[in-house]
>>> print(open('target-v4.cif').read())   # mmCIF, C-alpha atoms
data_data
loop_
_atom_site.group_PDB
_atom_site.id
_atom_site.type_symbol
_atom_site.label_atom_id
_atom_site.label_comp_id
_atom_site.auth_asym_id
_atom_site.auth_seq_id
_atom_site.Cartn_x
_atom_site.Cartn_y
_atom_site.Cartn_z
ATOM 1 C CA MET A 1 3.589 17.913 4.349
ATOM 2 C CA THR A 2 1.640 17.901 1.115
ATOM 3 C CA SER A 3 2.138 18.008 -2.633
ATOM 4 C CA ASP A 4 0.019 17.567 -5.726
ATOM 5 C CA SER A 5 0.630 13.813 -5.547
ATOM 6 C CA PHE A 6 0.590 12.904 -1.847
ATOM 7 C CA ALA A 7 -0.379 14.206 1.569
ATOM 8 C CA LEU A 8 0.793 13.596 5.120
ATOM 9 C CA LEU A 9 -2.215 13.975 7.409
ATOM 10 C CA ALA A 10 -1.182 14.715 10.976
ATOM 11 C CA GLY A 11 -2.163 12.473 13.858
ATOM 12 C CA ALA A 12 -1.413 12.740 17.548
ATOM 13 C CA PRO A 13 2.091 14.060 18.259
ATOM 14 C CA ASP A 14 2.890 11.014 20.394
ATOM 15 C CA SER A 15 1.633 8.393 17.934
ATOM 16 C CA PRO A 16 4.279 6.215 16.261
ATOM 17 C CA VAL A 17 1.727 4.786 13.814
ATOM 18 C CA LEU A 18 1.730 5.768 10.156
ATOM 19 C CA LEU A 19 -1.108 4.449 7.995
ATOM 20 C CA HIS A 20 0.166 4.270 4.439
ATOM 21 C CA VAL A 21 -2.504 4.373 1.709
ATOM 22 C CA PRO A 22 -0.739 4.087 -1.669
ATOM 23 C CA HIS A 23 -3.320 2.714 -4.098
ATOM 24 C CA SER A 24 -6.700 4.295 -3.306
ATOM 25 C CA SER A 25 -6.839 7.068 -5.919
ATOM 26 C CA HIS A 26 -8.277 6.965 -9.449
ATOM 27 C CA LEU A 27 -6.693 10.270 -10.501
ATOM 28 C CA VAL A 28 -4.452 10.312 -13.581
ATOM 29 C CA PRO A 29 -3.164 13.803 -14.510
ATOM 30 C CA PRO A 30 -3.752 14.844 -18.147
ATOM 31 C CA GLU A 31 -0.043 14.872 -18.992
ATOM 32 C CA VAL A 32 0.233 11.260 -17.795
ATOM 33 C CA ARG A 33 -3.044 10.238 -19.440
ATOM 34 C CA ASP A 34 -1.559 11.233 -22.795
ATOM 35 C CA GLY A 35 0.981 8.406 -22.529
ATOM 36 C CA ILE A 36 -1.596 5.683 -21.821
ATOM 37 C CA LEU A 37 -2.845 3.731 -24.839
ATOM 38 C CA LEU A 38 -6.287 2.789 -23.471
ATOM 39 C CA ASP A 39 -9.373 4.687 -24.552
ATOM 40 C CA ASP A 40 -11.508 6.293 -21.843
ATOM 41 C CA GLY A 41 -13.785 3.280 -21.431
ATOM 42 C CA GLU A 42 -10.870 0.855 -21.234
ATOM 43 C CA LEU A 43 -9.093 3.112 -18.752
ATOM 44 C CA ALA A 44 -12.165 3.224 -16.514
ATOM 45 C CA VAL A 45 -12.293 -0.581 -16.489
ATOM 46 C CA GLU A 46 -8.580 -0.810 -15.708
ATOM 47 C CA LEU A 47 -8.891 1.683 -12.848
ATOM 48 C CA ALA A 48 -11.783 -0.329 -11.402
ATOM 49 C CA HIS A 49 -9.616 -3.440 -11.322
ATOM 50 C CA ILE A 50 -6.270 -1.990 -10.223
ATOM 51 C CA THR A 51 -7.366 0.578 -7.616
ATOM 52 C CA ASP A 52 -7.682 -0.290 -3.925
ATOM 53 C CA SER A 53 -10.917 1.681 -3.870
ATOM 54 C CA HIS A 54 -12.149 3.153 -0.583
ATOM 55 C CA THR A 55 -9.018 2.241 1.393
ATOM 56 C CA GLU A 56 -8.480 5.945 2.059
ATOM 57 C CA GLU A 57 -11.962 6.008 3.607
ATOM 58 C CA ILE A 58 -11.177 2.965 5.754
ATOM 59 C CA ALA A 59 -8.001 4.652 6.993
ATOM 60 C CA ALA A 60 -9.965 7.837 7.724
ATOM 61 C CA VAL A 61 -12.483 5.881 9.816
ATOM 62 C CA ALA A 62 -9.575 4.335 11.716
ATOM 63 C CA ALA A 63 -8.002 7.726 12.368
ATOM 64 C CA GLY A 64 -11.274 9.042 13.751
ATOM 65 C CA ALA A 65 -12.048 5.981 15.860
ATOM 66 C CA ALA A 66 -8.609 5.385 17.369
ATOM 67 C CA GLY A 67 -7.954 6.522 20.915
ATOM 68 C CA THR A 68 -4.687 8.064 19.727
ATOM 69 C CA ALA A 69 -4.974 9.241 16.134
ATOM 70 C CA PRO A 70 -2.413 7.764 13.747
ATOM 71 C CA TRP A 71 -0.662 9.722 11.042
ATOM 72 C CA ARG A 72 -1.669 9.017 7.445
ATOM 73 C CA PHE A 73 0.405 9.171 4.282
ATOM 74 C CA VAL A 74 -1.964 9.098 1.296
ATOM 75 C CA ASN A 75 -1.186 8.863 -2.395
ATOM 76 C CA ARG A 76 -3.380 11.366 -4.252
ATOM 77 C CA LEU A 77 -2.682 9.834 -7.676
ATOM 78 C CA SER A 78 -3.471 6.498 -9.281
ATOM 79 C CA ARG A 79 -0.869 3.770 -9.244
ATOM 80 C CA LEU A 80 -1.081 3.954 -13.053
ATOM 81 C CA VAL A 81 1.008 7.138 -12.723
ATOM 82 C CA VAL A 82 3.709 5.401 -10.701
ATOM 83 C CA ASP A 83 3.464 2.621 -8.171
ATOM 84 C CA PRO A 84 5.337 3.961 -5.135
ATOM 85 C CA GLU A 85 5.605 0.509 -3.562
ATOM 86 C CA ARG A 86 7.609 -1.093 -6.347
ATOM 87 C CA PHE A 87 11.379 -1.166 -6.517
ATOM 88 C CA PRO A 88 12.400 1.291 -9.256
ATOM 89 C CA ASP A 89 14.963 -1.113 -10.743
ATOM 90 C CA GLU A 90 15.638 -4.746 -11.648
ATOM 91 C CA ARG A 91 14.958 -5.936 -8.082
ATOM 92 C CA GLU A 92 11.231 -5.655 -8.775
ATOM 93 C CA GLU A 93 9.718 -9.070 -9.605
ATOM 94 C CA MET A 94 6.615 -7.480 -11.137
ATOM 95 C CA LEU A 95 8.729 -6.280 -14.063
ATOM 96 C CA ALA A 96 8.104 -9.773 -15.425
ATOM 97 C CA VAL A 97 4.487 -8.770 -16.166
ATOM 98 C CA GLY A 98 5.157 -5.152 -17.094
ATOM 99 C CA MET A 99 4.171 -3.778 -13.696
ATOM 100 C CA GLY A 100 7.293 -2.309 -12.161
ATOM 101 C CA ALA A 101 7.329 1.197 -10.730
ATOM 102 C CA VAL A 102 5.870 2.430 -14.029
ATOM 103 C CA TYR A 103 3.354 0.021 -15.544
ATOM 104 C CA THR A 104 3.547 -0.885 -19.229
ATOM 105 C CA ARG A 105 0.872 -3.611 -19.048
ATOM 106 C CA THR A 106 -2.615 -3.790 -17.594
ATOM 107 C CA THR A 107 -4.078 -6.176 -15.034
ATOM 108 C CA HIS A 108 -5.109 -8.374 -17.990
ATOM 109 C CA ARG A 109 -1.623 -8.102 -19.543
ATOM 110 C CA ALA A 110 -2.718 -5.865 -22.405
ATOM 111 C CA GLU A 111 -0.470 -3.030 -23.567
ATOM 112 C CA LEU A 112 -0.807 0.058 -21.363
ATOM 113 C CA ARG A 113 2.108 2.125 -22.708
ATOM 114 C CA THR A 114 4.116 1.847 -25.891
ATOM 115 C CA ALA A 115 7.035 -0.550 -26.193
ATOM 116 C CA GLY A 116 10.237 1.197 -25.208
ATOM 117 C CA PHE A 117 8.410 3.742 -23.031
ATOM 118 C CA ASP A 118 10.938 5.729 -20.988
ATOM 119 C CA PRO A 119 9.894 5.626 -17.304
ATOM 120 C CA GLU A 120 12.522 8.071 -16.060
ATOM 121 C CA PRO A 121 10.473 11.286 -16.377
ATOM 122 C CA LEU A 122 7.634 9.747 -14.347
ATOM 123 C CA LEU A 123 10.063 8.369 -11.781
ATOM 124 C CA ASP A 124 11.705 11.783 -11.407
ATOM 125 C CA ARG A 125 8.435 13.711 -11.293
ATOM 126 C CA TYR A 126 6.407 11.415 -9.048
ATOM 127 C CA PHE A 127 8.221 8.356 -7.665
ATOM 128 C CA THR A 128 11.264 10.032 -6.148
ATOM 129 C CA PRO A 129 9.394 12.861 -4.362
ATOM 130 C CA TYR A 130 6.897 10.339 -2.992
ATOM 131 C CA ALA A 131 9.684 8.123 -1.639
ATOM 132 C CA GLU A 132 11.366 11.145 -0.085
ATOM 133 C CA GLY A 133 8.089 12.263 1.470
ATOM 134 C CA MET A 134 7.415 8.864 2.993
ATOM 135 C CA THR A 135 10.989 8.676 4.274
ATOM 136 C CA GLU A 136 10.550 12.076 5.912
ATOM 137 C CA ALA A 137 7.251 10.980 7.458
ATOM 138 C CA VAL A 138 8.906 7.935 9.039
ATOM 139 C CA ALA A 139 11.800 10.092 10.236
ATOM 140 C CA GLY A 140 9.275 12.361 11.918
ATOM 141 C CA ARG A 141 7.746 9.497 13.881
ATOM 142 C CA LEU A 142 11.194 8.267 14.895
ATOM 143 C CA ALA A 143 12.201 11.726 16.081
ATOM 144 C CA ALA A 144 8.975 12.217 18.032
ATOM 145 C CA THR A 145 8.504 8.766 19.562
ATOM 146 C CA GLY A 146 11.681 6.753 19.016
ATOM 147 C CA ARG A 147 9.935 4.265 16.736
ATOM 148 C CA ALA A 148 7.686 4.074 13.698
ATOM 149 C CA VAL A 149 4.951 1.537 12.946
ATOM 150 C CA ILE A 150 3.947 1.513 9.278
ATOM 151 C CA VAL A 151 0.606 -0.114 8.525
ATOM 152 C CA ASP A 152 0.162 -0.443 4.777
ATOM 153 C CA VAL A 153 -3.558 -0.345 3.874
ATOM 154 C CA HIS A 154 -4.515 -2.258 0.723
ATOM 155 C CA SER A 155 -7.328 -4.283 -0.805
ATOM 156 C CA TYR A 156 -7.469 -7.039 -3.388
ATOM 157 C CA PRO A 157 -10.087 -8.651 -5.640
ATOM 158 C CA THR A 158 -11.993 -11.767 -4.675
ATOM 159 C CA ARG A 159 -10.899 -13.527 -7.862
ATOM 160 C CA PRO A 160 -7.294 -13.381 -9.082
ATOM 161 C CA LEU A 161 -6.431 -11.137 -12.004
ATOM 162 C CA PRO A 162 -4.117 -12.296 -14.822
ATOM 163 C CA TYR A 163 -1.228 -10.056 -13.724
ATOM 164 C CA GLU A 164 -0.875 -11.747 -10.319
ATOM 165 C CA LEU A 165 2.298 -13.822 -10.016
ATOM 166 C CA HIS A 166 1.008 -15.746 -7.004
ATOM 167 C CA GLY A 167 -2.716 -15.764 -7.683
ATOM 168 C CA ASP A 168 -3.129 -19.492 -7.116
ATOM 169 C CA GLY A 169 -2.740 -19.176 -3.332
ATOM 170 C CA PRO A 170 -5.518 -18.877 -0.744
ATOM 171 C CA ARG A 171 -7.482 -15.617 -0.771
ATOM 172 C CA PRO A 172 -8.572 -15.054 2.841
ATOM 173 C CA PRO A 173 -10.832 -12.193 3.933
ATOM 174 C CA VAL A 174 -7.770 -10.464 5.377
ATOM 175 C CA CYS A 175 -4.187 -11.096 4.280
ATOM 176 C CA LEU A 176 -1.333 -9.818 6.444
ATOM 177 C CA GLY A 177 1.895 -9.160 4.573
ATOM 178 C CA THR A 178 5.061 -9.439 6.622
ATOM 179 C CA ASP A 179 8.800 -8.885 6.448
ATOM 180 C CA ALA A 180 11.347 -11.008 8.319
ATOM 181 C CA PHE A 181 13.181 -7.943 9.604
ATOM 182 C CA HIS A 182 10.427 -5.373 10.083
ATOM 183 C CA THR A 183 7.395 -7.361 11.311
ATOM 184 C CA PRO A 184 7.790 -8.355 14.958
ATOM 185 C CA PRO A 185 5.474 -11.030 16.395
ATOM 186 C CA ALA A 186 3.626 -8.511 18.572
ATOM 187 C CA LEU A 187 2.563 -6.500 15.531
ATOM 188 C CA LEU A 188 1.371 -9.577 13.662
ATOM 189 C CA ASP A 189 -0.493 -10.891 16.706
ATOM 190 C CA ALA A 190 -2.229 -7.544 17.231
ATOM 191 C CA ALA A 191 -3.414 -7.528 13.607
ATOM 192 C CA ARG A 192 -4.713 -11.079 13.827
ATOM 193 C CA GLU A 193 -6.738 -10.116 16.878
ATOM 194 C CA ALA A 194 -8.022 -6.852 15.389
ATOM 195 C CA PHE A 195 -9.256 -8.489 12.171
ATOM 196 C CA GLY A 196 -10.271 -11.817 13.640
ATOM 197 C CA GLY A 197 -13.995 -11.173 13.226
ATOM 198 C CA PHE A 198 -14.094 -11.008 9.426
ATOM 199 C CA GLY A 199 -14.052 -14.696 8.586
ATOM 200 C CA GLY A 200 -10.372 -15.531 8.472
ATOM 201 C CA VAL A 201 -6.883 -14.059 8.539
ATOM 202 C CA ALA A 202 -3.849 -15.515 6.759
ATOM 203 C CA THR A 203 -0.246 -14.425 6.322
ATOM 204 C CA ASP A 204 1.495 -13.580 3.045
ATOM 205 C CA THR A 205 -1.165 -15.006 0.728
ATOM 206 C CA PRO A 206 -1.987 -14.064 -1.964
ATOM 207 C CA PHE A 207 0.334 -11.065 -1.436
ATOM 208 C CA ALA A 208 3.451 -10.958 0.700
ATOM 209 C CA GLY A 209 5.778 -8.377 2.166
ATOM 210 C CA THR A 210 5.270 -4.826 3.346
ATOM 211 C CA TYR A 211 6.520 -1.334 2.561
ATOM 212 C CA VAL A 212 9.471 0.310 4.300
ATOM 213 C CA PRO A 213 11.380 3.278 2.824
ATOM 214 C CA LEU A 214 14.741 2.170 1.441
ATOM 215 C CA ARG A 215 16.676 4.321 3.922
ATOM 216 C CA TYR A 216 15.396 2.062 6.694
ATOM 217 C CA TYR A 217 14.719 -1.202 4.882
ATOM 218 C CA GLY A 218 16.645 -4.063 6.474
ATOM 219 C CA ARG A 219 18.679 -1.583 8.497
ATOM 220 C CA ASP A 220 16.701 0.103 11.253
ATOM 221 C CA PRO A 221 14.848 -2.143 13.725
ATOM 222 C CA ARG A 222 13.019 0.871 15.167
ATOM 223 C CA VAL A 223 10.843 0.786 12.054
ATOM 224 C CA SER A 224 8.243 -1.982 12.104
ATOM 225 C CA ALA A 225 5.791 -2.615 9.298
ATOM 226 C CA LEU A 226 2.813 -4.703 8.285
ATOM 227 C CA MET A 227 0.667 -4.834 5.142
ATOM 228 C CA VAL A 228 -3.084 -5.237 5.607
ATOM 229 C CA GLU A 229 -4.746 -6.588 2.440
ATOM 230 C CA ILE A 230 -8.554 -6.610 2.649
ATOM 231 C CA ARG A 231 -10.546 -8.749 0.236
ATOM 232 C CA ARG A 232 -12.868 -6.361 -1.547
ATOM 233 C CA ASP A 233 -16.076 -8.335 -1.174
ATOM 234 C CA LEU A 234 -15.946 -7.475 2.534
ATOM 235 C CA TYR A 235 -16.729 -3.820 1.927
ATOM 236 C CA MET A 236 -17.616 -2.957 -1.691
ATOM 237 C CA ASP A 237 -19.179 -4.045 -4.971
ATOM 238 C CA GLU A 238 -16.517 -5.365 -7.334
ATOM 239 C CA PRO A 239 -14.939 -4.097 -9.440
ATOM 240 C CA GLY A 240 -14.834 -0.414 -8.604
ATOM 241 C CA GLY A 241 -18.296 -0.088 -7.082
ATOM 242 C CA PRO A 242 -19.469 1.801 -3.998
ATOM 243 C CA ALA A 243 -18.473 0.941 -0.463
ATOM 244 C CA ASN A 244 -20.950 -0.588 1.962
ATOM 245 C CA ARG A 245 -21.131 -0.734 5.765
ATOM 246 C CA GLY A 246 -18.284 -3.201 5.807
ATOM 247 C CA ALA A 247 -15.897 -0.312 5.187
ATOM 248 C CA GLU A 248 -16.790 1.292 8.510
ATOM 249 C CA ALA A 249 -16.448 -2.006 10.381
ATOM 250 C CA LEU A 250 -13.021 -2.537 8.841
ATOM 251 C CA GLY A 251 -12.024 1.004 9.790
ATOM 252 C CA VAL A 252 -12.988 0.324 13.391
ATOM 253 C CA ALA A 253 -10.936 -2.884 13.332
ATOM 254 C CA LEU A 254 -7.990 -0.955 11.920
ATOM 255 C CA ALA A 255 -8.407 1.550 14.754
ATOM 256 C CA ALA A 256 -8.154 -1.316 17.244
ATOM 257 C CA LEU A 257 -4.860 -2.319 15.629
ATOM 258 C CA VAL A 258 -3.632 1.279 15.746
ATOM 259 C CA ASP A 259 -4.398 1.521 19.455
ATOM 260 C CA ALA A 260 -2.853 -1.865 20.240
ATOM 261 C CA VAL A 261 0.464 -1.087 18.571
ATOM 262 C CA GLY A 262 0.512 2.613 19.378
ATOM 263 C CA ARG A 263 0.917 2.056 23.105
ATOM 264 C CA PRO A 264 4.530 2.197 24.348
ATOM 265 C CA GLU A 265 4.385 -1.517 25.128
ATOM 266 C CA GLY A 266 2.483 -2.368 21.942
ATOM 267 C CA VAL A 267 5.343 -3.211 19.569
ATOM 268 C CA PRO A 268 8.969 -3.547 20.649
ATOM 269 C CA GLY A 269 11.467 -1.117 19.207
ATOM 270 C CA THR A 270 13.740 -3.942 18.097
ATOM 271 C CA VAL A 271 13.138 -6.986 15.954
ATOM 272 C CA ARG A 272 15.243 -9.935 14.951
ATOM 273 C CA PRO A 273 17.729 -9.554 12.096
ATOM 274 C CA PHE A 274 17.392 -11.707 9.001
ATOM 275 C CA GLY A 275 18.278 -15.378 9.456
ATOM 276 C CA GLN A 276 17.900 -15.553 13.209
#
>>> encode(input="target-v4.cif", output="structure tokens")
Amino acid sequence: MTSDSFALLAGAPDSPVLLHVPHSSHLVPPEVRDGILLDDGELAVELAHITDSHTEEIAAVAAGAAGTAPWRFVNRLSRLVVDPERFPDEREEMLAVGMGAVYTRTTHRAELRTAGFDPEPLLDRYFTPYAEGMTEAVAGRLAATGRAVIVDVHSYPTRPLPYELHGDGPRPPVCLGTDAFHTPPALLDAAREAFGGFGGVATDTPFAGTYVPLRYYGRDPRVSALMVEIRRDLYMDEPGGPANRGAEALGVALAALVDAVGRPEGVPGTVRPFGQ
């Protein structure tokens, strides 16, 4: 499965693991660029801050190093086009800072798009097909293996940016974002072990939660999910600079997580419902 905005890269047929890489690209199509108020220099600075640079490379290292190759779902466009991990409606808390599914403000809370900008054309053109593609990718893993393990691959800056709603929390080398329904203890434990050598692992700080397509969210316990947020000083020059050898080491650690949870006994196919 592929389109001009995303790609599903095949892994082993018997792998339940889907590495989701939503924020690694700097690409803004010309027709979308026309609606952004920043000049070229300002846009380059914004992309350096907002992009999870080199996370696609980290996921690629993991896919090559894993004993059983995971599948990868990769966003080919910048999150300044649409952010596929936001709710597309009033449920999204980041609307408070102009960063819902279609951003109207920058990381420093400056104006990105005009007041009253209509997000619907971008949602129709990019957000909805992406959500459908990711839903189909999860359905494929369920059909092939009876379960799906989504590992959301992100990074975040060493110092908080003004847009962050929870930027005053601890900023560990590796943050693991969880969901009460979709993150079973075995998945969280495997991630803590895989990333234990990078100086510290914490849960849900400074970012919390994980991505599950809405068809399955809170409904299907066969779908488990975890967000891996890597502090950028571990593998690159900030902001927006080149990757260093840390990226390969993190990819190998991600491969260890893939192998741990990809085994039939790695992550149970059921998790506890909310409130229990």
>>> resolve_selection(input="target-v4.cif", expression="the PyMOL selection byres ((chain A and resi 187) around 9)", output="PyMOL selection string")
chain A and resi 149+183-186+188-192+224-226+257+260-261+266-268
>>> write_last_selection(input="target-v4.cif", atoms="C-alpha atoms", output="PDB file, in the coordinates of the input")
ATOM      1  CA  VAL A 149       4.951   1.537  12.946  1.00  0.00           C
ATOM      2  CA  THR A 183       7.395  -7.361  11.311  1.00  0.00           C
ATOM      3  CA  PRO A 184       7.790  -8.355  14.958  1.00  0.00           C
ATOM      4  CA  PRO A 185       5.474 -11.030  16.395  1.00  0.00           C
ATOM      5  CA  ALA A 186       3.626  -8.511  18.572  1.00  0.00           C
ATOM      6  CA  LEU A 188       1.371  -9.577  13.662  1.00  0.00           C
ATOM      7  CA  ASP A 189      -0.493 -10.891  16.706  1.00  0.00           C
ATOM      8  CA  ALA A 190      -2.229  -7.544  17.231  1.00  0.00           C
ATOM      9  CA  ALA A 191      -3.414  -7.528  13.607  1.00  0.00           C
ATOM     10  CA  ARG A 192      -4.713 -11.079  13.827  1.00  0.00           C
ATOM     11  CA  SER A 224       8.243  -1.982  12.104  1.00  0.00           C
ATOM     12  CA  ALA A 225       5.791  -2.615   9.298  1.00  0.00           C
ATOM     13  CA  LEU A 226       2.813  -4.703   8.285  1.00  0.00           C
ATOM     14  CA  LEU A 257      -4.860  -2.319  15.629  1.00  0.00           C
ATOM     15  CA  ALA A 260      -2.853  -1.865  20.240  1.00  0.00           C
ATOM     16  CA  VAL A 261       0.464  -1.087  18.571  1.00  0.00           C
ATOM     17  CA  GLY A 266       2.483  -2.368  21.942  1.00  0.00           C
ATOM     18  CA  VAL A 267       5.343  -3.211  19.569  1.00  0.00           C
ATOM     19  CA  PRO A 268       8.969  -3.547  20.649  1.00  0.00           C
TER      20      PRO A 268
END
>>> closest_residue(input="target-v4.cif", among="A:Arg113, A:Arg91, A:His54, A:Arg76", to="Leu37 in chain A", atoms="all atoms listed in the file")
A:Arg113
>>> atom_distance(input="target-v4.cif", atom1="CA of Val82 in chain A", atom2="CA of Val102 in chain A")
5.0 Å
>>> resolve_selection(input="target-v4.cif", expression="the PyMOL selection byres ((chain A and resi 253) around 12)", output="number ranges by chain")
A: 58-59, 61-66, 174, 190-198, 228, 230, 246-252, 254-260
>>> atom_distance(input="target-v4.cif", atom1="CA of Leu8 in chain A", atom2="CA of Pro242 in chain A")
25.2 Å
>>> closest_residue(input="target-v4.cif", among="A:Tyr235, A:Phe207, A:Trp71, A:Phe87", to="Thr128 in chain A", atoms="only C-alpha atoms")
A:Phe87
>>> resolve_selection(input="target-v4.cif", expression="the PyMOL selection byres ((chain A and resi 25-31) around 9)", output="ChimeraX atom specification")
/A:22-24,32-35,44,47-48,51-54,56,74-81
>>> write_last_selection(input="target-v4.cif", atoms="C-alpha atoms", output="compact mmCIF listing (two decimals), in the frame of the given file")
# COMPACT_ATOMS: atom_id res chain seq x y z
CA PRO A 22 -0.74 4.09 -1.67
CA HIS A 23 -3.32 2.71 -4.10
CA SER A 24 -6.70 4.30 -3.31
CA VAL A 32 0.23 11.26 -17.80
CA ARG A 33 -3.04 10.24 -19.44
CA ASP A 34 -1.56 11.23 -22.80
CA GLY A 35 0.98 8.41 -22.53
CA ALA A 44 -12.16 3.22 -16.51
CA LEU A 47 -8.89 1.68 -12.85
CA ALA A 48 -11.78 -0.33 -11.40
CA THR A 51 -7.37 0.58 -7.62
CA ASP A 52 -7.68 -0.29 -3.92
CA SER A 53 -10.92 1.68 -3.87
CA HIS A 54 -12.15 3.15 -0.58
CA GLU A 56 -8.48 5.94 2.06
CA VAL A 74 -1.96 9.10 1.30
CA ASN A 75 -1.19 8.86 -2.40
CA ARG A 76 -3.38 11.37 -4.25
CA LEU A 77 -2.68 9.83 -7.68
CA SER A 78 -3.47 6.50 -9.28
CA ARG A 79 -0.87 3.77 -9.24
CA LEU A 80 -1.08 3.95 -13.05
CA VAL A 81 1.01 7.14 -12.72
>>> residues_near_point(input="target-v4.cif", point="(-0.1, -7.0, -11.2)", cutoff="10 Å", atoms="only C-alpha atoms", output="VMD selection string")
chain A and resid 50 94 to 100 103 105 to 109 160 to 167
